[in-house]
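Asks: Got a structure for you, questions after.
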Amino acid sequence: MVKNEPEKSSDRPDNTAFTQQRLPAWQPILSAGIVIPGFVLIGLAFIGVGVALFITSRDIQVLELDYTGVESSNPCSKCTDPNVRKCICTIVFSLDTLFKGPVFMYYGLTNYFQNQRRYGVSRDDNQLYGDLDYFKSPGSDCAPFDYDSNDRPIVPCGALANSMFNEDYPVVSFNGRKKVVLSNVSWMGGKNDFLGIAYLVVGSLCIVMSIVMLIVYAKFKFPEDD
């Protein structure tokens, strides 16, 4: 008598601990003795980082020179007239304290946002990394700013690197303002008080939550926790 064994289904997983989900697992039990000290440590870490960021940001020197010309007393008020061509205005300023180098100059616009995605990705990261092969053959994301009229590669390519800022941009038409910003930098970059404040707020909330949980635990703790 011959016993016919059923053919093994190709869809059936192997009989291993991994495929049959028999691997040992660890499920932590969060007790008050773990959660409360954890919140305290996280809060202290965030507060420490926030204090360092805030102090560093406060030490960064920034000078902003508004040249919109909306106020009649501003030397650039004559340039707000659209009929005036090639207007030149001069703003005199002085520094109360000497800036620590290096000092960078930026143009600032308010109430205006450049958030077009194609503009933001129009660059060749390989060129910016210094890969010489892409100096001769820019990436396709740079088009139409990858080659000039003589079919020579543009380095750096893309709309980002080849944008030209127009000082006479009509910001008044959208209630904006324009300014020149002189600033130095630190290890965290430019001046940004919000980042340090955000860390301080989150750290303080963690400390407050740990105190609240400690009070609740001390008042309503379960008998088996004794």
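Letters A, B, ... mark the chains of the structure tokens in the order given; residue numbers begin at 1 per chain; ligand numbers begin at 1, in order shown.
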Compile the contact shell of A:Gly43 as a PDB file with N, CA, C and O atoms, in the first residue's frame: residues with an atom at most 9 Å away, counting only C-alpha atoms, same-chain residues fewer than 2 positions apart removed.
Replies:
ATOM      1  N   GLY A  38      12.945  59.653  32.798  1.00  0.00           N
ATOM      2  CA  GLY A  38      13.201  59.870  31.375  1.00  0.00           C
ATOM      3  C   GLY A  38      12.779  61.251  30.920  1.00  0.00           C
ATOM      4  O   GLY A  38      13.504  61.931  30.179  1.00  0.00           O
ATOM      5  N   PHE A  39      11.599  61.706  31.360  1.00  0.00           N
ATOM      6  CA  PHE A  39      11.143  63.054  31.027  1.00  0.00           C
ATOM      7  C   PHE A  39      12.074  64.108  31.619  1.00  0.00           C
ATOM      8  O   PHE A  39      12.344  65.131  30.982  1.00  0.00           O
ATOM      9  N   VAL A  40      12.567  63.869  32.820  1.00  0.00           N
ATOM     10  CA  VAL A  40      13.473  64.835  33.446  1.00  0.00           C
ATOM     11  C   VAL A  40      14.770  64.942  32.652  1.00  0.00           C
ATOM     12  O   VAL A  40      15.266  66.050  32.366  1.00  0.00           O
ATOM     13  N   LEU A  41      15.332  63.797  32.269  1.00  0.00           N
ATOM     14  CA  LEU A  41      16.587  63.817  31.508  1.00  0.00           C
ATOM     15  C   LEU A  41      16.402  64.472  30.147  1.00  0.00           C
ATOM     16  O   LEU A  41      17.244  65.269  29.705  1.00  0.00           O
ATOM     17  N   ALA A  45      18.190  67.939  28.934  1.00  0.00           N
ATOM     18  CA  ALA A  45      18.993  67.963  27.707  1.00  0.00           C
ATOM     19  C   ALA A  45      18.503  69.056  26.757  1.00  0.00           C
ATOM     20  O   ALA A  45      19.300  69.809  26.190  1.00  0.00           O
ATOM     21  N   PHE A  46      17.187  69.155  26.585  1.00  0.00           N
ATOM     22  CA  PHE A  46      16.639  70.180  25.697  1.00  0.00           C
ATOM     23  C   PHE A  46      16.922  71.575  26.245  1.00  0.00           C
ATOM     24  O   PHE A  46      17.226  72.498  25.473  1.00  0.00           O
ATOM     25  N   ILE A  47      16.800  71.751  27.542  1.00  0.00           N
ATOM     26  CA  ILE A  47      17.072  73.071  28.124  1.00  0.00           C
ATOM     27  C   ILE A  47      18.539  73.443  27.942  1.00  0.00           C
ATOM     28  O   ILE A  47      18.872  74.588  27.614  1.00  0.00           O
ATOM     29  N   GLY A  48      19.442  72.481  28.132  1.00  0.00           N
ATOM     30  CA  GLY A  48      20.866  72.763  27.937  1.00  0.00           C
ATOM     31  C   GLY A  48      21.177  73.172  26.504  1.00  0.00           C
ATOM     32  O   GLY A  48      21.893  74.153  26.265  1.00  0.00           O
ATOM     33  N   LEU A 200      14.008  75.507  24.591  1.00  0.00           N
ATOM     34  CA  LEU A 200      13.725  75.839  25.988  1.00  0.00           C
ATOM     35  C   LEU A 200      12.272  75.536  26.350  1.00  0.00           C
ATOM     36  O   LEU A 200      11.989  75.020  27.444  1.00  0.00           O
ATOM     37  N   VAL A 202      10.219  73.304  24.861  1.00  0.00           N
ATOM     38  CA  VAL A 202      10.005  71.850  24.899  1.00  0.00           C
ATOM     39  C   VAL A 202      10.633  71.237  26.152  1.00  0.00           C
ATOM     40  O   VAL A 202      10.038  70.383  26.823  1.00  0.00           O
ATOM     41  N   GLY A 203      11.855  71.675  26.488  1.00  0.00           N
ATOM     42  CA  GLY A 203      12.494  71.163  27.693  1.00  0.00           C
ATOM     43  C   GLY A 203      11.725  71.511  28.950  1.00  0.00           C
ATOM     44  O   GLY A 203      11.578  70.669  29.859  1.00  0.00           O
ATOM     45  N   SER A 204      11.221  72.740  29.024  1.00  0.00           N
ATOM     46  CA  SER A 204      10.438  73.148  30.194  1.00  0.00           C
ATOM     47  C   SER A 204       9.138  72.346  30.298  1.00  0.00           C
ATOM     48  O   SER A 204       8.723  71.965  31.400  1.00  0.00           O
ATOM     49  N   LEU A 205       8.499  72.081  29.160  1.00  0.00           N
ATOM     50  CA  LEU A 205       7.272  71.281  29.184  1.00  0.00           C
ATOM     51  C   LEU A 205       7.547  69.864  29.667  1.00  0.00           C
ATOM     52  O   LEU A 205       6.732  69.279  30.396  1.00  0.00           O
ATOM     53  N   CYS A 206       8.698  69.306  29.271  1.00  0.00           N
ATOM     54  CA  CYS A 206       9.051  67.964  29.749  1.00  0.00           C
ATOM     55  C   CYS A 206       9.245  67.960  31.267  1.00  0.00           C
ATOM     56  O   CYS A 206       8.806  67.026  31.955  1.00  0.00           O
ATOM     57  N   ILE A 207       9.898  68.983  31.803  1.00  0.00           N
ATOM     58  CA  ILE A 207      10.086  69.066  33.255  1.00  0.00           C
ATOM     59  C   ILE A 207       8.746  69.217  33.955  1.00  0.00           C
ATOM     60  O   ILE A 207       8.482  68.558  34.980  1.00  0.00           O
ATOM     61  N   VAL A 208       7.873  70.071  33.413  1.00  0.00           N
ATOM     62  CA  VAL A 208       6.546  70.257  34.029  1.00  0.00           C
ATOM     63  C   VAL A 208       5.752  68.960  33.989  1.00  0.00           C
ATOM     64  O   VAL A 208       5.091  68.582  34.967  1.00  0.00           O
ATOM     65  N   SER A 210       6.926  65.935  33.935  1.00  0.00           N
ATOM     66  CA  SER A 210       7.483  64.988  34.908  1.00  0.00           C
ATOM     67  C   SER A 210       7.002  65.306  36.320  1.00  0.00           C
ATOM     68  O   SER A 210       6.715  64.393  37.109  1.00  0.00           O
TER      69      SER A 210
END
Asks: Stretch 148-153 of chain A: which residues within 9 Å, counting only C-alpha atoms, same-chain residues fewer than 3 positions away excluded, as a PyMOL selection string?
Replies: chain A and resi 135-138+144-145+156-157
Asks: Just to be explicit: take each residue in the selection above, keep N, CA, C and O atoms, and write the result as a tab-separated table (two decimals), in the first residue's frame.
Replies:
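Wrote it out as out_13.tsv, contents follow:
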chain	number	residue	atom	x	y	z
A	135	PHE	N	31.09	69.20	-14.34
A	135	PHE	CA	31.40	70.52	-14.84
A	135	PHE	C	31.25	70.55	-16.36
A	135	PHE	O	30.86	71.58	-16.93
A	136	LYS	N	31.55	69.43	-16.99
A	136	LYS	CA	31.44	69.35	-18.45
A	136	LYS	C	30.05	68.91	-18.90
A	136	LYS	O	29.62	69.26	-19.98
A	137	SER	N	29.36	68.14	-18.06
A	137	SER	CA	28.02	67.64	-18.41
A	137	SER	C	27.06	67.91	-17.26
A	137	SER	O	26.86	67.05	-16.38
A	138	PRO	N	26.48	69.11	-17.17
A	138	PRO	CA	25.57	69.43	-16.07
A	138	PRO	C	24.34	68.51	-16.06
A	138	PRO	O	23.95	67.97	-17.10
A	144	PRO	N	16.65	75.24	-18.12
A	144	PRO	CA	17.42	75.60	-19.31
A	144	PRO	C	18.72	76.36	-19.01
A	144	PRO	O	19.26	77.02	-19.89
A	145	PHE	N	19.21	76.27	-17.78
A	145	PHE	CA	20.43	76.98	-17.41
A	145	PHE	C	21.59	75.99	-17.27
A	145	PHE	O	22.40	76.09	-16.36
A	156	PRO	N	28.45	77.34	-11.82
A	156	PRO	CA	27.42	76.37	-11.46
A	156	PRO	C	26.16	76.58	-12.30
A	156	PRO	O	25.85	77.70	-12.68
A	157	CYS	N	25.47	75.49	-12.57
A	157	CYS	CA	24.29	75.56	-13.43
A	157	CYS	C	23.02	75.70	-12.58
A	157	CYS	O	23.05	75.62	-11.36
Asks: Could you check how far atom CA of A:Cys76 sits from atom CA of A:Ile88, in Å to one decimal?
Replies: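 According to the coordinates, atom CA of A:Cys76 and atom CA of A:Ile88 are separated by 7.8 Å.
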Asks: Hey, which of A:Val121, A:Tyr134, A:Met213, A:Ser173 ends up closest to A:Ile154? Count only C-alpha atoms.
Replies: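 Among A:Val121, A:Tyr134, A:Met213, A:Ser173, it is A:Tyr134 that comes nearest to A:Ile154.
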Asks: Need the shell around A:Tyr67: protein/DNA/RNA residues with any atom at most 9 Å away, counting only C-alpha atoms. Skip same-chain ones fewer than 5 positions apart. Format as number ranges by chain?
Replies: A: 74-77, 89, 91, 177-180
Asks: Between atom CA of A:Pro28 and atom CA of A:Leu214, measure the distance and give it in Å to one decimal.
Replies: 20.1 Å
Asks: When you look at A:Asn175 with a cut-off of 10 Å (counting only C-alpha atoms), what residues show up, excluding the ones that are within fewer than 4 positions of it in the same chain? I need them as a ChimeraX atom specification.
Replies: /A:70,110-112,170-171
Asks: Take the residues just selected and output them with N, CA, C and O atoms as a compact mmCIF listing (two decimals), in the first residue's frame.
Replies:
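File produced: part_34.txt:
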# COMPACT_ATOMS: atom_id res chain seq x y z
N VAL A 70 9.63 103.93 1.47
CA VAL A 70 8.22 104.29 1.67
C VAL A 70 8.10 105.59 2.43
O VAL A 70 7.26 106.45 2.10
N THR A 110 10.54 91.27 2.35
CA THR A 110 9.45 90.85 3.22
C THR A 110 8.15 90.80 2.44
O THR A 110 7.99 91.50 1.43
N ASN A 111 7.24 89.96 2.92
CA ASN A 111 5.93 89.79 2.29
C ASN A 111 6.05 89.26 0.87
O ASN A 111 5.19 89.51 0.02
N TYR A 112 7.11 88.51 0.61
CA TYR A 112 7.33 87.94 -0.70
C TYR A 112 7.95 86.56 -0.52
O TYR A 112 8.87 86.39 0.28
N PRO A 170 9.75 95.98 -7.51
CA PRO A 170 8.62 96.78 -6.99
C PRO A 170 7.96 96.14 -5.77
O PRO A 170 6.83 95.66 -5.83
N VAL A 171 8.67 96.14 -4.66
CA VAL A 171 8.10 95.54 -3.45
C VAL A 171 6.94 96.35 -2.90
O VAL A 171 6.10 95.81 -2.16
Asks: Enumerate the residues of stretch 1-224 of chain A with a DSSP assignment of strand (DSSP E or B), computed from the backbone, and present them as a list in words.
Replies: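 DSSP-assigned strand (DSSP E or B) residues in stretch 1-224 of chain A: Val62, Leu63, Glu64, Leu65, Asp66, Val103, Phe104, Met105, Tyr106, Tyr107, Gly108, Leu109, Tyr147, Pro153, Lys178, Lys179, Val180, Val181, Leu182, Ser183, Asn184, Ser186 and Gly189 of chain A.
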Asks: Dump N, CA and C atoms for the selected residues as a PDB file, in the first residue's frame?
Replies:
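As written to disk, selection17.pdb reads:
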ATOM      1  N   VAL A  62      24.023  91.662  13.875  1.00  0.00           N
ATOM      2  CA  VAL A  62      23.222  91.863  12.663  1.00  0.00           C
ATOM      3  C   VAL A  62      22.910  93.343  12.527  1.00  0.00           C
ATOM      4  N   LEU A  63      23.054  93.847  11.326  1.00  0.00           N
ATOM      5  CA  LEU A  63      22.679  95.231  11.013  1.00  0.00           C
ATOM      6  C   LEU A  63      21.789  95.203   9.775  1.00  0.00           C
ATOM      7  N   GLU A  64      20.568  95.730   9.909  1.00  0.00           N
ATOM      8  CA  GLU A  64      19.613  95.758   8.808  1.00  0.00           C
ATOM      9  C   GLU A  64      19.413  97.203   8.346  1.00  0.00           C
ATOM     10  N   LEU A  65      19.549  97.416   7.058  1.00  0.00           N
ATOM     11  CA  LEU A  65      19.391  98.746   6.460  1.00  0.00           C
ATOM     12  C   LEU A  65      18.222  98.705   5.484  1.00  0.00           C
ATOM     13  N   ASP A  66      17.117  99.338   5.871  1.00  0.00           N
ATOM     14  CA  ASP A  66      15.929  99.358   5.030  1.00  0.00           C
ATOM     15  C   ASP A  66      16.071 100.439   3.956  1.00  0.00           C
ATOM     16  N   VAL A 103      32.116  88.588   7.838  1.00  0.00           N
ATOM     17  CA  VAL A 103      30.843  89.301   7.763  1.00  0.00           C
ATOM     18  C   VAL A 103      30.234  89.054   6.390  1.00  0.00           C
ATOM     19  N   PHE A 104      28.967  88.722   6.366  1.00  0.00           N
ATOM     20  CA  PHE A 104      28.265  88.421   5.125  1.00  0.00           C
ATOM     21  C   PHE A 104      27.209  89.494   4.863  1.00  0.00           C
ATOM     22  N   MET A 105      26.937  89.724   3.567  1.00  0.00           N
ATOM     23  CA  MET A 105      25.908  90.691   3.179  1.00  0.00           C
ATOM     24  C   MET A 105      24.796  89.946   2.455  1.00  0.00           C
ATOM     25  N   TYR A 106      23.560  90.229   2.863  1.00  0.00           N
ATOM     26  CA  TYR A 106      22.391  89.592   2.263  1.00  0.00           C
ATOM     27  C   TYR A 106      21.412  90.669   1.806  1.00  0.00           C
ATOM     28  N   TYR A 107      20.566  90.297   0.841  1.00  0.00           N
ATOM     29  CA  TYR A 107      19.419  91.115   0.475  1.00  0.00           C
ATOM     30  C   TYR A 107      18.187  90.492   1.111  1.00  0.00           C
ATOM     31  N   GLY A 108      17.328  91.324   1.672  1.00  0.00           N
ATOM     32  CA  GLY A 108      16.130  90.827   2.325  1.00  0.00           C
ATOM     33  C   GLY A 108      14.869  91.400   1.718  1.00  0.00           C
ATOM     34  N   LEU A 109      13.868  90.548   1.515  1.00  0.00           N
ATOM     35  CA  LEU A 109      12.555  90.964   1.047  1.00  0.00           C
ATOM     36  C   LEU A 109      11.515  90.448   2.026  1.00  0.00           C
ATOM     37  N   TYR A 147      23.439  74.954 -20.335  1.00  0.00           N
ATOM     38  CA  TYR A 147      24.397  75.352 -21.372  1.00  0.00           C
ATOM     39  C   TYR A 147      24.059  76.759 -21.844  1.00  0.00           C
ATOM     40  N   PRO A 153      29.024  74.436 -21.160  1.00  0.00           N
ATOM     41  CA  PRO A 153      28.376  74.133 -19.883  1.00  0.00           C
ATOM     42  C   PRO A 153      28.494  75.291 -18.907  1.00  0.00           C
ATOM     43  N   LYS A 178      12.271  96.070   1.445  1.00  0.00           N
ATOM     44  CA  LYS A 178      13.554  95.500   1.036  1.00  0.00           C
ATOM     45  C   LYS A 178      14.664  96.133   1.874  1.00  0.00           C
ATOM     46  N   LYS A 179      15.672  95.335   2.133  1.00  0.00           N
ATOM     47  CA  LYS A 179      16.740  95.798   3.010  1.00  0.00           C
ATOM     48  C   LYS A 179      18.029  95.053   2.710  1.00  0.00           C
ATOM     49  N   VAL A 180      19.108  95.649   3.149  1.00  0.00           N
ATOM     50  CA  VAL A 180      20.420  95.016   3.105  1.00  0.00           C
ATOM     51  C   VAL A 180      20.767  94.574   4.517  1.00  0.00           C
ATOM     52  N   VAL A 181      21.235  93.358   4.661  1.00  0.00           N
ATOM     53  CA  VAL A 181      21.534  92.795   5.971  1.00  0.00           C
ATOM     54  C   VAL A 181      23.018  92.465   6.048  1.00  0.00           C
ATOM     55  N   LEU A 182      23.688  93.024   7.042  1.00  0.00           N
ATOM     56  CA  LEU A 182      25.081  92.685   7.335  1.00  0.00           C
ATOM     57  C   LEU A 182      25.101  91.834   8.591  1.00  0.00           C
ATOM     58  N   SER A 183      25.725  90.661   8.530  1.00  0.00           N
ATOM     59  CA  SER A 183      25.688  89.747   9.666  1.00  0.00           C
ATOM     60  C   SER A 183      26.911  88.848   9.656  1.00  0.00           C
ATOM     61  N   ASN A 184      27.342  88.475  10.846  1.00  0.00           N
ATOM     62  CA  ASN A 184      28.344  87.420  10.946  1.00  0.00           C
ATOM     63  C   ASN A 184      27.638  86.121  11.328  1.00  0.00           C
ATOM     64  N   SER A 186      27.945  81.929  13.264  1.00  0.00           N
ATOM     65  CA  SER A 186      28.571  81.115  14.300  1.00  0.00           C
ATOM     66  C   SER A 186      28.476  79.653  13.885  1.00  0.00           C
ATOM     67  N   GLY A 189      25.138  78.760  12.502  1.00  0.00           N
ATOM     68  CA  GLY A 189      24.668  79.473  11.327  1.00  0.00           C
ATOM     69  C   GLY A 189      24.373  80.925  11.634  1.00  0.00           C
TER      70      GLY A 189
END
Asks: Between atom CA of A:Thr80 and atom CA of A:Val92, what is the distance in Å, rounded to a tenth?
Replies: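 So the answer is 18.8 Å.
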